[in-house]
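What follows is the content of input-v1.csv, which has CSV, C-alpha atoms and all ligand atoms:
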chain,number,residue,atom,x,y,z
A,1,MET,CA,-28.9,44.1,10.8
A,2,SER,CA,-29.5,40.4,11.4
A,3,VAL,CA,-28.2,38.0,8.7
A,4,ALA,CA,-30.6,35.6,7.3
A,5,THR,CA,-29.6,31.9,7.3
A,6,SER,CA,-31.6,28.9,6.2
A,7,GLU,CA,-32.4,28.3,9.9
A,8,THR,CA,-34.2,31.6,10.2
A,9,PHE,CA,-37.1,30.1,8.2
A,10,THR,CA,-39.7,28.4,10.4
A,11,ALA,CA,-42.5,27.9,7.8
A,12,GLU,CA,-45.1,29.1,10.2
A,13,SER,CA,-46.3,32.0,8.0
A,14,PRO,CA,-50.1,31.9,7.5
A,15,ILE,CA,-51.2,30.5,4.1
A,16,LEU,CA,-54.0,32.2,2.1
A,17,PRO,CA,-56.4,30.4,-0.3
A,18,ALA,CA,-55.3,31.1,-3.8
A,19,GLY,CA,-58.3,30.3,-6.0
A,20,PRO,CA,-59.8,32.9,-8.4
A,21,PHE,CA,-61.7,35.9,-7.0
A,22,GLU,CA,-65.5,35.9,-7.0
A,23,PRO,CA,-66.8,37.3,-10.3
A,24,ALA,CA,-67.7,40.7,-8.9
A,25,GLU,CA,-64.3,41.0,-7.2
A,26,ARG,CA,-62.5,40.0,-10.4
A,27,GLU,CA,-64.5,42.5,-12.4
A,28,ALA,CA,-63.5,45.2,-9.9
A,29,VAL,CA,-59.8,44.5,-10.5
A,30,TYR,CA,-60.2,44.6,-14.2
A,31,ARG,CA,-62.3,47.7,-14.0
A,32,ALA,CA,-59.6,49.5,-12.0
A,33,ILE,CA,-57.0,48.4,-14.6
A,34,HIS,CA,-59.0,49.4,-17.7
A,35,SER,CA,-60.5,52.7,-16.4
A,36,ARG,CA,-57.3,54.0,-14.8
A,37,ARG,CA,-56.2,57.1,-16.5
A,38,ASP,CA,-53.3,59.5,-16.4
A,39,VAL,CA,-55.0,62.7,-15.1
A,40,ARG,CA,-53.8,66.2,-15.8
A,41,SER,CA,-56.7,68.5,-15.8
A,42,GLN,CA,-59.7,66.9,-14.1
A,43,PHE,CA,-58.5,67.4,-10.5
A,44,THR,CA,-61.1,68.9,-8.1
A,45,PRO,CA,-59.8,71.0,-5.2
A,46,ARG,CA,-61.2,68.6,-2.6
A,47,PRO,CA,-58.4,67.6,-0.2
A,48,ILE,CA,-57.2,64.0,0.1
A,49,ASP,CA,-57.7,62.9,3.7
A,50,GLU,CA,-54.8,61.3,5.6
A,51,ALA,CA,-56.5,57.9,5.9
A,52,THR,CA,-57.1,57.7,2.1
A,53,LEU,CA,-53.5,58.8,1.3
A,54,ARG,CA,-52.2,56.2,3.8
A,55,ARG,CA,-54.2,53.4,2.0
A,56,LEU,CA,-52.6,54.5,-1.3
A,57,LEU,CA,-49.2,54.5,0.2
A,58,MET,CA,-49.8,51.1,1.8
A,59,ALA,CA,-50.8,49.7,-1.6
A,60,ALA,CA,-47.6,51.1,-3.0
A,61,HIS,CA,-45.6,49.6,-0.2
A,62,HIS,CA,-47.1,46.1,-0.9
A,63,ALA,CA,-45.6,46.1,-4.4
A,64,PRO,CA,-43.1,43.4,-5.3
A,65,SER,CA,-39.4,44.5,-5.0
A,66,VAL,CA,-36.2,42.8,-6.0
A,67,GLY,CA,-34.9,40.8,-3.0
A,68,LEU,CA,-37.7,42.4,-1.0
A,69,SER,CA,-35.5,45.4,-0.8
A,70,GLN,CA,-38.4,47.9,-0.8
A,71,PRO,CA,-36.2,50.7,-2.3
A,72,TRP,CA,-38.9,53.3,-2.3
A,73,ASN,CA,-39.6,56.4,-0.3
A,74,PHE,CA,-42.7,58.6,-0.6
A,75,ILE,CA,-42.2,62.4,-0.4
A,76,VAL,CA,-45.6,64.0,0.2
A,77,ILE,CA,-45.8,67.5,-1.1
A,78,ARG,CA,-48.7,69.8,-0.2
A,79,SER,CA,-46.9,73.2,-0.1
A,80,ASP,CA,-47.6,75.8,-2.8
A,81,GLU,CA,-44.0,76.8,-2.7
A,82,VAL,CA,-42.6,73.3,-3.6
A,83,LYS,CA,-45.4,72.8,-6.2
A,84,ALA,CA,-44.5,76.2,-7.8
A,85,ARG,CA,-40.8,75.2,-8.0
A,86,ALA,CA,-41.7,71.9,-9.6
A,87,HIS,CA,-44.1,73.6,-12.0
A,88,ALA,CA,-41.3,76.1,-13.1
A,89,ALA,CA,-38.9,73.2,-13.6
A,90,PHE,CA,-41.6,71.4,-15.7
A,91,ALA,CA,-42.2,74.5,-17.8
A,92,ARG,CA,-38.5,74.9,-18.6
A,93,ALA,CA,-38.2,71.2,-19.6
A,94,SER,CA,-41.4,71.2,-21.6
A,95,ALA,CA,-40.3,74.1,-23.7
A,96,GLU,CA,-37.0,72.2,-24.5
A,97,ALA,CA,-39.0,69.1,-25.3
A,98,CYS,CA,-41.4,70.9,-27.6
A,99,ALA,CA,-38.4,72.2,-29.7
A,100,MET,CA,-37.2,68.6,-30.1
A,101,PHE,CA,-40.3,67.4,-31.9
A,102,PRO,CA,-40.6,67.9,-35.7
A,103,GLU,CA,-42.0,71.3,-36.4
A,104,ALA,CA,-45.3,70.0,-37.6
A,105,GLN,CA,-46.0,68.4,-34.2
A,106,ARG,CA,-45.1,71.4,-32.1
A,107,PRO,CA,-48.5,73.1,-32.2
A,108,LEU,CA,-50.3,70.0,-30.9
A,109,TYR,CA,-47.6,69.4,-28.3
A,110,SER,CA,-48.0,72.9,-27.0
A,111,ALA,CA,-51.8,72.5,-26.8
A,112,LEU,CA,-51.5,69.3,-24.7
A,113,LYS,CA,-51.9,69.6,-20.9
A,114,LEU,CA,-49.1,67.4,-19.6
A,115,GLU,CA,-49.2,68.1,-15.8
A,116,GLY,CA,-51.5,69.1,-13.0
A,117,ILE,CA,-48.9,70.1,-10.5
A,118,LEU,CA,-50.6,73.3,-9.2
A,119,GLN,CA,-54.2,72.0,-9.4
A,120,ALA,CA,-53.6,68.7,-7.6
A,121,PRO,CA,-54.0,69.0,-3.8
A,122,VAL,CA,-51.2,66.5,-3.3
A,123,ASN,CA,-48.0,65.9,-5.3
A,124,LEU,CA,-46.0,62.8,-4.4
A,125,CYS,CA,-42.5,62.0,-5.4
A,126,VAL,CA,-41.7,58.3,-5.3
A,127,THR,CA,-37.9,57.8,-5.0
A,128,CYS,CA,-35.6,54.9,-5.3
A,129,ASP,CA,-32.8,54.5,-2.7
A,130,HIS,CA,-30.0,52.6,-4.5
A,131,SER,CA,-28.4,51.7,-1.2
A,132,ARG,CA,-31.5,50.0,0.3
A,133,GLY,CA,-30.6,46.5,1.3
A,134,GLY,CA,-26.9,47.0,1.1
A,135,PRO,CA,-24.4,46.6,-1.8
A,136,VAL,CA,-25.5,43.1,-2.7
A,137,VAL,CA,-29.2,42.5,-3.1
A,138,LEU,CA,-30.8,39.2,-4.1
A,139,GLY,CA,-31.9,39.5,-7.7
A,140,ARG,CA,-30.2,42.7,-8.4
A,141,THR,CA,-26.6,41.4,-8.7
A,142,HIS,CA,-26.4,41.3,-12.5
A,143,GLN,CA,-29.0,44.0,-13.2
A,144,PRO,CA,-28.7,46.9,-10.9
A,145,GLU,CA,-31.6,48.7,-12.5
A,146,MET,CA,-34.0,46.2,-10.8
A,147,ASP,CA,-34.4,48.6,-7.9
A,148,LEU,CA,-35.8,51.2,-10.3
A,149,PHE,CA,-38.2,48.6,-11.8
A,150,SER,CA,-39.3,47.7,-8.3
A,151,THR,CA,-40.1,51.3,-7.5
A,152,VAL,CA,-42.2,51.5,-10.7
A,153,CYS,CA,-44.2,48.5,-9.4
A,154,ALA,CA,-45.0,50.5,-6.3
A,155,VAL,CA,-46.2,53.4,-8.5
A,156,GLN,CA,-48.5,51.2,-10.4
A,157,ASN,CA,-50.0,49.7,-7.3
A,158,LEU,CA,-50.7,53.2,-6.0
A,159,TRP,CA,-52.2,54.2,-9.4
A,160,LEU,CA,-54.7,51.3,-9.4
A,161,ALA,CA,-55.6,51.7,-5.8
A,162,ALA,CA,-56.2,55.4,-6.4
A,163,ARG,CA,-58.6,54.6,-9.2
A,164,ALA,CA,-60.6,52.5,-6.8
A,165,GLU,CA,-60.7,55.4,-4.3
A,166,GLY,CA,-61.9,57.9,-7.0
A,167,ILE,CA,-58.5,59.7,-6.9
A,168,GLY,CA,-56.8,60.6,-10.2
A,169,VAL,CA,-53.1,60.3,-10.6
A,170,GLY,CA,-50.9,62.0,-13.2
A,171,TRP,CA,-47.3,61.1,-13.7
A,172,VAL,CA,-45.1,64.0,-14.7
A,173,SER,CA,-41.7,63.1,-16.1
A,174,ILE,CA,-40.9,66.3,-18.1
A,175,PHE,CA,-38.2,67.4,-15.7
A,176,HIS,CA,-34.4,67.5,-15.6
A,177,ARG,CA,-33.7,65.0,-12.8
A,178,GLU,CA,-31.2,67.5,-11.3
A,179,ASP,CA,-34.0,70.0,-10.8
A,180,LEU,CA,-36.0,67.4,-8.8
A,181,ARG,CA,-33.0,66.5,-6.7
A,182,ASP,CA,-32.5,70.2,-6.0
A,183,ILE,CA,-36.1,70.9,-5.1
A,184,LEU,CA,-36.4,67.9,-2.8
A,185,GLY,CA,-32.9,67.9,-1.4
A,186,LEU,CA,-32.3,64.3,-2.5
A,187,PRO,CA,-29.0,62.7,-1.6
A,188,ASP,CA,-26.8,61.2,-4.4
A,189,HIS,CA,-27.8,57.6,-3.6
A,190,VAL,CA,-31.5,58.4,-4.1
A,191,SER,CA,-33.1,58.8,-7.6
A,192,PRO,CA,-36.5,60.5,-8.2
A,193,VAL,CA,-38.5,57.9,-10.1
A,194,ALA,CA,-42.0,59.3,-10.3
A,195,TRP,CA,-43.5,62.8,-9.7
A,196,LEU,CA,-47.2,62.2,-9.3
A,197,CYS,CA,-50.1,64.6,-9.0
A,198,LEU,CA,-53.0,63.3,-6.9
A,199,GLY,CA,-56.5,64.6,-6.5
A,200,HIS,CA,-60.2,63.6,-6.4
A,201,VAL,CA,-61.8,63.4,-9.9
A,202,ASP,CA,-65.4,63.3,-10.9
A,203,GLU,CA,-64.8,62.3,-14.5
A,204,LEU,CA,-62.1,60.5,-16.5
A,205,TYR,CA,-61.5,60.1,-20.2
A,206,ALA,CA,-62.6,56.6,-21.5
A,207,GLU,CA,-59.4,56.4,-23.5
A,208,PRO,CA,-55.9,57.8,-22.9
A,209,GLU,CA,-56.0,61.6,-23.2
A,210,LEU,CA,-53.1,61.4,-25.8
A,211,GLN,CA,-55.3,59.3,-27.9
A,212,VAL,CA,-58.3,61.5,-27.5
A,213,ARG,CA,-56.3,64.5,-28.6
A,214,GLY,CA,-54.8,62.8,-31.6
A,215,TRP,CA,-51.2,62.5,-30.4
A,216,THR,CA,-50.9,58.7,-30.7
A,217,ARG,CA,-53.0,55.5,-30.3
A,218,ARG,CA,-53.1,52.3,-28.3
A,219,LEU,CA,-51.4,49.5,-30.4
A,220,PRO,CA,-53.3,46.3,-31.1
A,221,LEU,CA,-52.3,43.7,-28.5
A,222,ASP,CA,-51.9,41.0,-31.2
A,223,ASP,CA,-49.2,43.0,-32.9
A,224,LEU,CA,-47.2,42.8,-29.7
A,225,ILE,CA,-47.4,39.1,-28.9
A,226,TYR,CA,-44.6,37.0,-30.3
A,227,HIS,CA,-44.1,33.3,-29.9
A,228,GLU,CA,-40.9,31.6,-28.8
A,229,GLY,CA,-38.7,34.5,-30.1
A,230,TRP,CA,-38.4,38.1,-31.2
A,231,GLY,CA,-40.7,39.0,-34.2
A,232,GLN,CA,-42.5,35.6,-34.4
A,233,ASN,CA,-46.0,36.8,-34.8
A,234,ALA,CA,-48.9,34.3,-35.0
A,235,GLY,CA,-50.6,36.3,-37.7
B,301,LIG,C1,-43.2,56.6,-16.9
B,301,LIG,C2,-44.3,57.5,-17.3
B,301,LIG,C3,-44.1,58.8,-17.5
B,301,LIG,C4,-45.1,59.7,-17.9
B,301,LIG,C5,-46.4,59.1,-18.1
B,301,LIG,C6,-46.6,57.7,-17.9
B,301,LIG,C7,-45.6,56.9,-17.5
B,301,LIG,C8,-45.8,55.5,-17.3
B,301,LIG,N1,-47.4,59.9,-18.5
B,301,LIG,C9,-48.8,59.4,-18.8
B,301,LIG,C10,-48.9,58.8,-20.1
B,301,LIG,O1,-49.0,59.8,-21.1
B,301,LIG,C11,-50.2,57.9,-20.1
B,301,LIG,O2,-50.0,56.9,-19.2
B,301,LIG,C12,-50.5,57.3,-21.5
B,301,LIG,O3,-50.7,58.3,-22.4
B,301,LIG,C13,-51.6,56.3,-21.4
B,301,LIG,O4,-52.8,57.0,-20.9
B,301,LIG,P1,-53.5,56.4,-19.6
B,301,LIG,O5,-52.5,56.3,-18.5
B,301,LIG,O6,-54.1,55.1,-19.9
B,301,LIG,O7,-54.6,57.4,-19.3
B,301,LIG,C14,-47.2,61.3,-18.6
B,301,LIG,N2,-48.3,62.1,-19.0
B,301,LIG,C15,-48.1,63.5,-19.1
B,301,LIG,O8,-49.0,64.2,-19.4
B,301,LIG,N3,-46.9,64.0,-18.8
B,301,LIG,C16,-45.8,63.3,-18.4
B,301,LIG,O9,-44.7,63.8,-18.2
B,301,LIG,C17,-46.0,61.9,-18.4
B,301,LIG,N4,-44.9,61.0,-18.1

Would it be possible to restate this file's structure as structure tokens?
Amino acid sequence: MSVATSETFTAESPILPAGPFEPAEREAVYRAIHSRRDVRSQFTPRPIDEATLRRLLMAAHHAPSVGLSQPWNFIVIRSDEVKARAHAAFARASAEACAMFPEAQRPLYSALKLEGILQAPVNLCVTCDHSRGGPVVLGRTHQPEMDLFSTVCAVQNLWLAARAEGIGVGWVSIFHREDLRDILGLPDHVSPVAWLCLGHVDELYAEPELQVRGWTRRLPLDDLIYHEGWGQNAG
């Protein structure tokens, strides 16, 4: 691998104009953000074509990453056998999770649909390779978990791009990590970050499904904004 020095930089990289987007373009960005949903049950069986999937993965691959380390890999899963193993791992973990909630909440938990593994034409595991970029990565030296955070940025890029493509994405995290390692054959230096279910959708909930079903609600933004220090709320 070549070692970067201050002389490597030639300052000939093209520059882009950086003003605000045109109103319609800006509106489209906010529309994707506000109408993106976590999808569990609305997947249609329509396959995702390779070109569309590639655009989504390219969007993910353009996420910011600590020291430009790009720690992600994308494991594309279409086989019924791998999906079935993941679904079985989910079912085991979800039964355990259900038992951890207070008794009064368990019936509602059990009624929630919390994955679309078998319905979604594509499942995608986004992983983080902790060895990417070598042992010392710019920006990760004091906070090693920055590689995981970078990988999550890739997931969010994909999620928003998918919304623009009419493709729903559902993140499933009700798994023992070891089960995912085993199913996908991940080496020790690679962590599974996001198990995503992807498929075309014709309809989406206008609000988070967990809110629609009475599990919890979106918090008021103003309660979350502090000024100059923890807990210092303007109101
Ligand atoms: C890291 C992480 C992990 C999970 C989720 C999200 C994220 C960010 N979400 C989806 C989550 O419930 C959802 O994002 C919120 O309820 C908000 O809804 P919208 O995403 O706005 O539709 C999620 N949903 C689900 O049904 N099963 C799951 O295991 C998970 N896991």

Step by step, measure atom-to-atom distances between ligand LIG 301 (chain B) and each residue using only C-alpha atoms and all ligand atoms, keep those at most 10 Å, then write them as a tab-separated table (two decimals) with C-alpha atoms, in the frame of the given file.
chain	number	residue	atom	x	y	z
A	33	ILE	CA	-57.00	48.40	-14.60
A	34	HIS	CA	-59.00	49.40	-17.70
A	35	SER	CA	-60.50	52.70	-16.40
A	36	ARG	CA	-57.30	54.00	-14.80
A	37	ARG	CA	-56.20	57.10	-16.50
A	38	ASP	CA	-53.30	59.50	-16.40
A	39	VAL	CA	-55.00	62.70	-15.10
A	40	ARG	CA	-53.80	66.20	-15.80
A	41	SER	CA	-56.70	68.50	-15.80
A	90	PHE	CA	-41.60	71.40	-15.70
A	93	ALA	CA	-38.20	71.20	-19.60
A	94	SER	CA	-41.40	71.20	-21.60
A	112	LEU	CA	-51.50	69.30	-24.70
A	113	LYS	CA	-51.90	69.60	-20.90
A	114	LEU	CA	-49.10	67.40	-19.60
A	115	GLU	CA	-49.20	68.10	-15.80
A	116	GLY	CA	-51.50	69.10	-13.00
A	152	VAL	CA	-42.20	51.50	-10.70
A	155	VAL	CA	-46.20	53.40	-8.50
A	156	GLN	CA	-48.50	51.20	-10.40
A	159	TRP	CA	-52.20	54.20	-9.40
A	168	GLY	CA	-56.80	60.60	-10.20
A	169	VAL	CA	-53.10	60.30	-10.60
A	170	GLY	CA	-50.90	62.00	-13.20
A	171	TRP	CA	-47.30	61.10	-13.70
A	172	VAL	CA	-45.10	64.00	-14.70
A	173	SER	CA	-41.70	63.10	-16.10
A	174	ILE	CA	-40.90	66.30	-18.10
A	175	PHE	CA	-38.20	67.40	-15.70
A	193	VAL	CA	-38.50	57.90	-10.10
A	194	ALA	CA	-42.00	59.30	-10.30
A	195	TRP	CA	-43.50	62.80	-9.70
A	196	LEU	CA	-47.20	62.20	-9.30
A	204	LEU	CA	-62.10	60.50	-16.50
A	205	TYR	CA	-61.50	60.10	-20.20
A	206	ALA	CA	-62.60	56.60	-21.50
A	207	GLU	CA	-59.40	56.40	-23.50
A	208	PRO	CA	-55.90	57.80	-22.90
A	209	GLU	CA	-56.00	61.60	-23.20
A	210	LEU	CA	-53.10	61.40	-25.80
A	211	GLN	CA	-55.30	59.30	-27.90
A	212	VAL	CA	-58.30	61.50	-27.50
A	215	TRP	CA	-51.20	62.50	-30.40
A	216	THR	CA	-50.90	58.70	-30.70
A	217	ARG	CA	-53.00	55.50	-30.30
A	218	ARG	CA	-53.10	52.30	-28.30

Quiz item: So how far away is CA of Leu53 (chain A) from CA of Pro71 (chain A), in Å?
Solution: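 According to the coordinates, CA of Pro71 (chain A) and CA of Leu53 (chain A) are separated by 19.4 Å.
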
Exercise. Name the residues in contact with Ala95 (chain A) at a cut-off of 10 Å, using all atoms listed in the file, excluding same-chain residues fewer than 3 positions from it; report them as a ChimeraX atom specification.
Key: /A:90-92,98-100,109-110,174

Quiz item: Just how far from CA of Ala24 (chain A) is CA of Glu50 (chain A), in Å to one decimal?
Solution: 28.3 Å

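Proximity of A:Met146, A:Ala86, A:Ile225, A:Leu158 to Arg181 (chain A), computed with all atoms listed in the file, is greatest for A:Ala86.
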
Quiz item: Using only C-alpha atoms, which residues sit within 9 Å of Ala161 (chain A) once same-chain residues fewer than 6 positions away are excluded, as a list in words?
Solution: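 That gives Ala32, Arg55, Leu56, Ala59, Ala60 and Ile167 of chain A.
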
Quiz prompt | CA of Gly214 (chain A) to CA of Gly199 (chain A), distance in Å rounded to a single decimal | solution = 25.2 Å

Practice problem: With all atoms listed in the file counted, which protein, DNA or RNA residues have an atom no more than 8 Å from (-37.1, 70.3, -7.5) in the file frame? Please answer as a PyMOL selection string. | Solution: chain A and resi 82+85-86+89+178-185

Exercise. Go through A:Gln105, A:Thr151, A:Gln143, A:Ser131 and flag the residue nearest Asn73 (chain A), using only C-alpha atoms for the distances.
Key: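 Among the listed residues, A:Thr151 lies closest to Asn73 (chain A).
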
Practice problem: Identify, on the basis of all atoms listed in the file, every residue whose closest approach to Arg140 (chain A) does not exceed 10 Å; exclude the query and any residue fewer than 5 positions from it along the same chain; express the result as a PyMOL selection string. | Solution: chain A and resi 65-67+69+135+145-147

Quiz item: So which one's closest to Gly166 (chain A), A:Leu198, A:Leu108, A:Ala97, A:Cys128? Using only C-alpha atoms, please.
Solution: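 Closest to Gly166 (chain A) of all the choices is A:Leu198.
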